[in-house]
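Engineer: Supplied structure: start.txt, compact mmCIF, C-alpha atoms.
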```
# COMPACT_ATOMS: atom_id res chain seq x y z
CA MET A 701 -8.60 53.64 25.41
CA PHE A 702 -10.15 52.84 28.76
CA LYS A 703 -13.66 53.60 29.90
CA GLY A 704 -15.03 53.70 33.40
CA LEU A 705 -18.06 54.74 35.40
CA PHE A 706 -16.97 55.62 38.91
CA ARG A 707 -19.26 54.03 41.49
CA ARG A 708 -18.07 52.41 44.69
CA ARG A 709 -19.71 49.65 46.75
CA GLN A 710 -19.79 50.08 50.49
CA THR A 711 -17.79 47.61 52.56
CA PRO A 712 -19.09 48.01 56.13
CA SER A 713 -17.56 44.67 57.14
CA GLU A 714 -14.10 46.25 57.07
CA PRO A 715 -14.07 48.64 60.04
CA SER A 716 -10.27 49.01 59.92
CA ALA A 717 -10.27 50.22 56.28
CA PRO A 718 -9.66 53.92 55.54
CA ARG A 719 -12.76 56.07 55.29
CA ARG A 720 -14.52 55.72 51.95
CA PHE A 721 -15.19 58.52 49.51
CA GLU A 722 -18.85 59.61 49.70
CA GLY A 723 -18.85 62.35 47.09
CA GLY A 724 -20.83 60.72 44.31
CA LEU A 725 -19.72 60.83 40.67
CA PRO A 726 -17.30 63.37 39.17
CA LYS A 727 -19.38 66.12 37.54
CA PRO A 728 -17.48 69.13 36.28
CA GLU A 729 -19.50 72.09 35.03
CA GLU A 730 -18.00 71.55 31.58
CA THR A 731 -16.25 68.62 29.94
CA LEU A 732 -12.64 68.37 31.12
CA ALA A 733 -9.73 66.66 29.39
CA VAL A 734 -6.88 66.31 31.90
CA VAL A 735 -3.44 65.35 30.55
CA GLY A 736 -0.77 63.63 32.63
CA ASP A 737 2.94 64.40 33.04
CA ILE A 738 4.62 65.03 29.66
CA HIS A 739 8.29 65.26 30.68
CA GLY A 740 9.64 66.45 27.36
CA GLN A 741 7.86 63.85 25.21
CA ILE A 742 6.80 66.02 22.29
CA THR A 743 5.80 63.12 20.03
CA CYS A 744 3.42 61.76 22.66
CA LEU A 745 2.01 65.23 23.26
CA ASP A 746 1.35 65.92 19.59
CA LYS A 747 -0.34 62.52 19.14
CA LEU A 748 -2.48 62.97 22.22
CA ILE A 749 -3.53 66.47 21.14
CA ASP A 750 -4.60 65.01 17.78
CA LYS A 751 -6.74 62.44 19.60
CA LEU A 752 -8.28 65.00 21.92
CA GLU A 753 -9.11 67.28 19.01
CA MET A 754 -11.16 64.43 17.57
CA GLN A 755 -12.63 62.98 20.77
CA ALA A 756 -12.98 66.02 23.05
CA PRO A 757 -12.86 69.13 20.85
CA ASP A 758 -15.21 71.11 23.08
CA ALA A 759 -13.58 70.13 26.36
CA ARG A 760 -11.50 72.42 28.51
CA TRP A 761 -7.98 71.00 28.43
CA VAL A 762 -5.97 70.89 31.65
CA PHE A 763 -2.33 69.79 31.91
CA VAL A 764 -1.20 68.54 35.33
CA GLY A 765 2.37 69.87 35.18
CA ASP A 766 5.83 68.35 34.75
CA PHE A 767 6.03 69.45 31.16
CA ILE A 768 9.83 69.39 31.31
CA ASP A 769 12.86 67.31 32.38
CA ARG A 770 13.93 63.72 31.75
CA GLY A 771 12.73 63.71 28.14
CA ASP A 772 14.74 65.30 25.33
CA TYR A 773 12.27 67.89 24.01
CA SER A 774 11.30 70.07 26.96
CA SER A 775 11.73 73.39 25.15
CA GLN A 776 9.55 72.10 22.32
CA VAL A 777 6.86 70.96 24.77
CA LEU A 778 6.81 74.37 26.44
CA ALA A 779 6.49 76.09 23.07
CA ARG A 780 3.64 73.73 22.10
CA LEU A 781 1.73 74.40 25.30
CA ARG A 782 2.13 78.17 25.02
CA ALA A 783 0.89 78.04 21.43
CA LEU A 784 -2.02 75.86 22.53
CA GLU A 785 -3.06 78.46 25.09
CA LEU A 786 -3.30 80.99 22.27
CA GLU A 787 -5.38 78.57 20.19
CA ARG A 788 -7.56 77.53 23.13
CA PRO A 789 -7.59 80.38 25.69
CA ASP A 790 -9.43 78.31 28.29
CA THR A 791 -6.50 75.85 28.52
CA ILE A 792 -5.06 75.43 32.02
CA CYS A 793 -1.41 74.49 32.69
CA ILE A 794 -0.79 73.47 36.31
CA LEU A 795 2.61 74.09 37.93
CA GLY A 796 4.54 70.85 38.51
CA ASN A 797 7.48 70.29 40.82
CA HIS A 798 9.85 70.14 37.84
CA GLU A 799 8.73 73.57 36.65
CA GLU A 800 9.17 74.75 40.23
CA MET A 801 12.77 73.46 40.23
CA MET A 802 13.47 75.26 36.96
CA LEU A 803 12.10 78.52 38.33
CA ALA A 804 14.22 78.09 41.47
CA PHE A 805 17.28 77.64 39.27
CA LEU A 806 16.51 80.83 37.36
CA ARG A 807 16.16 82.75 40.64
CA ASP A 808 19.09 81.22 42.55
CA PRO A 809 21.29 78.96 40.41
CA GLU A 810 23.90 78.35 43.10
CA GLN A 811 21.40 77.00 45.62
CA ALA A 812 18.94 75.27 43.31
CA GLY A 813 20.95 74.30 40.24
CA ASN A 814 22.53 70.99 41.17
CA ARG A 815 19.31 69.63 42.58
CA TRP A 816 17.51 70.41 39.34
CA MET A 817 20.31 68.89 37.24
CA ARG A 818 20.04 65.63 39.21
CA HIS A 819 16.28 65.45 38.57
CA GLY A 820 16.19 65.99 34.82
CA GLY A 821 17.33 69.56 34.43
CA LEU A 822 20.26 68.46 32.28
CA GLN A 823 17.87 67.25 29.57
CA THR A 824 15.88 70.47 29.71
CA MET A 825 19.02 72.58 29.45
CA ALA A 826 20.16 70.49 26.48
CA SER A 827 16.83 71.10 24.73
CA PHE A 828 17.60 74.83 24.78
CA GLY A 829 21.17 74.40 23.51
CA HIS A 830 24.58 73.08 24.54
CA PHE A 831 25.51 73.75 28.17
CA LYS A 832 28.65 72.44 29.88
CA LEU A 833 27.02 71.02 32.96
CA GLY A 834 26.91 67.72 34.84
CA VAL A 835 24.94 66.48 37.82
CA GLN A 836 27.32 68.31 40.19
CA ASN A 837 28.60 71.75 39.22
CA ALA A 838 30.58 74.60 40.69
CA PRO A 839 28.64 77.75 41.66
CA GLU A 840 30.24 79.81 38.90
CA ALA A 841 29.32 77.23 36.25
CA LEU A 842 25.70 77.32 37.43
CA ARG A 843 25.57 81.12 37.34
CA VAL A 844 26.98 81.19 33.82
CA ALA A 845 24.55 78.49 32.65
CA ARG A 846 21.58 80.36 34.16
CA ASP A 847 22.58 83.54 32.36
CA GLN A 848 23.02 81.67 29.09
CA LEU A 849 19.63 80.00 29.50
CA LEU A 850 17.93 83.35 30.06
CA GLU A 851 19.51 84.61 26.84
CA VAL A 852 18.09 81.79 24.70
CA MET A 853 14.70 81.28 26.39
CA PRO A 854 11.74 82.66 24.45
CA GLU A 855 10.51 86.01 25.68
CA GLY A 856 7.98 85.70 28.48
CA LEU A 857 8.61 82.01 29.20
CA GLU A 858 9.79 82.52 32.77
CA ASP A 859 6.80 84.72 33.58
CA TRP A 860 4.47 82.20 31.93
CA LEU A 861 5.82 79.37 34.07
CA ALA A 862 5.60 81.47 37.22
CA SER A 863 1.96 82.29 36.43
CA CYS A 864 0.86 78.64 36.24
CA PRO A 865 -1.66 77.87 39.02
CA ARG A 866 -1.12 75.06 41.50
CA TRP A 867 -4.73 73.85 41.30
CA PHE A 868 -7.88 74.24 39.24
CA LYS A 869 -11.45 73.49 40.28
CA ASN A 870 -14.47 72.87 38.05
CA GLY A 871 -17.67 71.55 39.56
CA ASN A 872 -16.71 68.82 42.03
CA VAL A 873 -13.43 68.07 40.22
CA VAL A 874 -10.07 69.53 41.25
CA VAL A 875 -6.86 69.15 39.22
CA VAL A 876 -3.49 69.37 40.97
CA HIS A 877 0.00 68.22 40.12
CA ALA A 878 0.93 65.87 42.96
CA GLY A 879 -1.79 65.70 45.60
CA ALA A 880 -3.64 67.54 48.35
CA ASP A 881 -4.08 67.30 52.10
CA PRO A 882 -7.43 65.48 52.46
CA ASP A 883 -8.21 67.33 55.71
CA ARG A 884 -7.78 70.84 54.31
CA PRO A 885 -10.10 72.83 52.02
CA MET A 886 -8.48 73.53 48.67
CA GLU A 887 -8.19 77.23 49.52
CA GLU A 888 -6.03 76.34 52.54
CA GLN A 889 -3.69 73.85 50.88
CA LYS A 890 0.05 74.28 51.31
CA ASP A 891 2.09 74.63 48.13
CA GLN A 892 4.21 71.62 49.14
CA ALA A 893 1.17 69.31 49.24
CA LEU A 894 -0.12 70.43 45.84
CA THR A 895 3.17 70.35 43.97
CA TRP A 896 5.15 67.63 45.77
CA GLY A 897 2.44 65.53 47.43
CA HIS A 898 1.01 64.77 50.86
CA PRO A 899 1.44 61.50 52.81
CA ALA A 900 -2.30 61.05 53.37
CA PHE A 901 -3.30 61.78 49.77
CA GLY A 902 -4.85 58.73 48.12
CA LYS A 903 -4.98 56.89 51.43
CA GLN A 904 -7.54 59.01 53.23
CA ALA A 905 -10.66 60.12 51.38
CA ARG A 906 -11.78 63.72 51.30
CA GLU A 907 -15.03 64.57 53.10
CA ASP A 908 -15.99 67.58 50.97
CA GLY A 909 -17.08 65.55 47.91
CA LEU A 910 -14.29 66.80 45.66
CA TRP A 911 -12.63 64.49 43.18
CA VAL A 912 -8.89 65.09 42.74
CA VAL A 913 -7.19 64.42 39.41
CA HIS A 914 -3.39 64.35 39.62
CA GLY A 915 -0.09 63.34 38.06
CA HIS A 916 3.39 63.14 39.66
CA THR A 917 3.12 59.53 40.84
CA VAL A 918 3.57 57.03 38.02
CA VAL A 919 0.92 54.32 37.65
CA THR A 920 1.05 51.39 35.24
CA LEU A 921 -2.53 52.06 34.18
CA PRO A 922 -4.59 55.21 34.75
CA GLN A 923 -6.82 54.57 37.73
CA GLU A 924 -9.60 55.77 39.98
CA LYS A 925 -9.65 55.02 43.69
CA ASN A 926 -11.45 56.63 46.61
CA GLY A 927 -12.14 59.97 44.92
CA VAL A 928 -8.75 60.20 43.22
CA ILE A 929 -7.98 59.88 39.49
CA SER A 930 -4.33 59.21 38.59
CA VAL A 931 -3.14 59.98 35.05
CA ASP A 932 0.69 59.90 35.12
CA THR A 933 1.66 56.80 33.15
CA GLY A 934 5.37 57.67 33.01
CA ALA A 935 5.60 58.99 29.46
CA TYR A 936 9.35 59.62 29.71
CA ALA A 937 10.01 55.94 30.51
CA THR A 938 7.04 54.10 28.96
CA GLY A 939 6.30 56.26 25.92
CA LYS A 940 2.65 56.38 27.04
CA LEU A 941 0.93 59.70 27.70
CA THR A 942 -2.57 59.59 29.18
CA ALA A 943 -5.51 61.95 29.47
CA VAL A 944 -8.86 61.50 31.18
CA VAL A 945 -12.00 63.06 29.70
CA ILE A 946 -14.61 63.71 32.41
CA ALA A 947 -18.24 64.69 31.86
CA ASN A 948 -21.52 64.03 33.68
CA GLY A 949 -20.16 61.33 35.96
CA ASN A 950 -18.43 59.42 33.18
CA ALA A 951 -14.71 59.22 32.47
CA GLU A 952 -12.83 57.97 29.46
CA PHE A 953 -9.08 57.47 29.44
CA VAL A 954 -7.34 58.37 26.18
CA GLN A 955 -3.74 57.36 25.56
CA ALA A 956 -1.06 58.12 22.99
CA THR A 957 2.22 56.26 22.54
CA ALA A 958 5.49 57.50 21.12
```
Any chance you could put this one into structure tokens?

Structural biologist:
Amino acid sequence: MFKGLFRRRQTPSEPSAPRRFEGGLPKPEETLAVVGDIHGQITCLDKLIDKLEMQAPDARWVFVGDFIDRGDYSSQVLARLRALELERPDTICILGNHEEMMLAFLRDPEQAGNRWMRHGGLQTMASFGHFKLGVQNAPEALRVARDQLLEVMPEGLEDWLASCPRWFKNGNVVVVHAGADPDRPMEEQKDQALTWGHPAFGKQAREDGLWVVHGHTVVTLPQEKNGVISVDTGAYATGKLTAVVIANGNAEFVQATA
């Protein structure tokens, strides 16, 4: 567990440094518990949920996306999150780029399938059953696999994934999957920046006072820098899944290991 109070000292002696964040402390209107990229790690997810139920039972839980791929239990993670939304209706599940690749495969397997397979789709497909696919597949094989996947997917799963928002705002805290253009209001963000990232994100501070919590980019330790809170600790590779609980200007990082 890590604790932190986010307050930055001014460094006027460094005129060449990027502009500093001037937005004050992160103060959502309600307690938020934001969970990093899960990537099919059901054991980590279950353990982290147990911790959050003890430490932040009244918080609104937000998941930053990338629930699937790379890990071996993507279908189980999706089922767990859908069940959690029924238990806690205020839960928010943000669309990640891996969910976006899966949806693209379901819409157009010939065009999107091999890309998804190369980026973890093979593990997700395997979690739904046995599919005869590799990292490079013929168009017909991809069409057949898409049709087979649709047959075994739980009812409503595709629509549920497609309905996931790309960002969520509460007070002066915004949760996205990958990043945001620091020069654009959140209402004018491009989908690419939110779900895949933006080159200036994390390097150039926002001027509207909004804190941005995100996943997508793996960090060794969860961190805060210049109005950005990073919570993807690479669960699929490290076995460490991280959440940040934010309330009244304070943040507490909570971690579960496989």

Engineer: With all atoms listed in the file as the basis for distance, which of A:Ala804, A:Glu730, A:Glu753, A:Phe953 is at the shortest distance from Leu861 (chain A)?

Structural biologist: A:Ala804

Engineer: Each residue of region 836-924 of chain A lying at most 12 Å from region 754-761 of chain A should get a row with its shortest atom-to-atom pair and the distance in Å to one decimal, counting only C-alpha atoms; could you produce that, ordered by chain and increasing number, as a tab-separated table?

Structural biologist:
```
residue	atom	partner	partner_atom	distance
A:Phe868	CA	A:Trp761	CA	11.3
A:Lys869	CA	A:Arg760	CA	11.8
A:Asn870	CA	A:Arg760	CA	10.0
A:Val875	CA	A:Trp761	CA	11.0
```

Engineer: Report as a PyMOL selection string all protein, DNA and RNA residues lying within 6 Å of region 734-737 of chain A, evaluated on all atoms listed in the file, omitting residues in the same chain fewer than 2 positions from it.

Structural biologist: chain A and resi 739+761-766+915+931-932+942-944

Engineer: Pick out the closest residue to Cys864 (chain A) from this set: A:Asp769, A:Glu907, A:Ile794, A:Arg720. Count all atoms listed in the file.

Structural biologist: A:Ile794

Engineer: Restricting the calculation to all atoms listed in the file: of A:Ser827, A:Asn797, A:Asn948, A:Gln811, which residue gets closest to His916 (chain A)?

Structural biologist: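 Ranking A:Ser827, A:Asn797, A:Asn948, A:Gln811 by distance to His916 (chain A), first place goes to A:Asn797.
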
Engineer: Identify, on the basis of only C-alpha atoms, every residue whose closest approach to region 891-901 of chain A does not exceed 9 Å; exclude the query and any residue fewer than 5 positions from it along the same chain; express the result as a list in words.

Structural biologist: Gly765, Leu795, Gly796, Asn797, Glu800, Arg866, Trp867, Val876, His877, Ala878, Gly879, Ala880, Asp881, Pro882, Asp883, Arg906, His916, Thr917 and Val928 of chain A

Engineer: Between A:Ile768, A:Leu806, A:Val919, A:Ala905, which has the minimum distance to Gln823 (chain A) (counting only C-alpha atoms)?

Structural biologist: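 Looking only at the distances to Gln823 (chain A), the closest residue turns out to be A:Ile768.
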
Engineer: Env of region 776-783 of chain A: 6 Å cut, atoms = all atoms listed in the file, seq-sep filter 2 positions within chain, self excluded. Answer as an NGL selection string.

Structural biologist: :A and (740 or 742 or 773-774 or 785-786)

Engineer: Just how far from CA of Ala935 (chain A) is CA of Val835 (chain A), in Å to one decimal?

Structural biologist: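 About the pair CA of Val835 (chain A) and CA of Ala935 (chain A): they are 22.4 Å apart.
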
Engineer: Pick the closest to Val844 (chain A) from A:Pro809, A:Gly856, A:Pro728, A:Gly829: which is it, counting only C-alpha atoms?

Structural biologist: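 Checking each of A:Pro809, A:Gly856, A:Pro728, A:Gly829 against Val844 (chain A), counting only C-alpha atoms, the winner is A:Pro809.
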
Engineer: Calculate how many Å separate CA of Ala862 (chain A) from CA of Met801 (chain A), rounding to one decimal.

Structural biologist: 11.2 Å

Engineer: Enter the distance from CA of Asp908 (chain A) to CA of Ile929 (chain A), in Å, rounded to one decimal.

Structural biologist: 16.0 Å

Engineer: Can you work out which one of A:Val873, A:Met853, A:Ala845, A:Met825 has the shortest atom-to-atom distance to Ala951 (chain A), counting all atoms listed in the file?

Structural biologist: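 Among the listed residues, A:Val873 lies closest to Ala951 (chain A).
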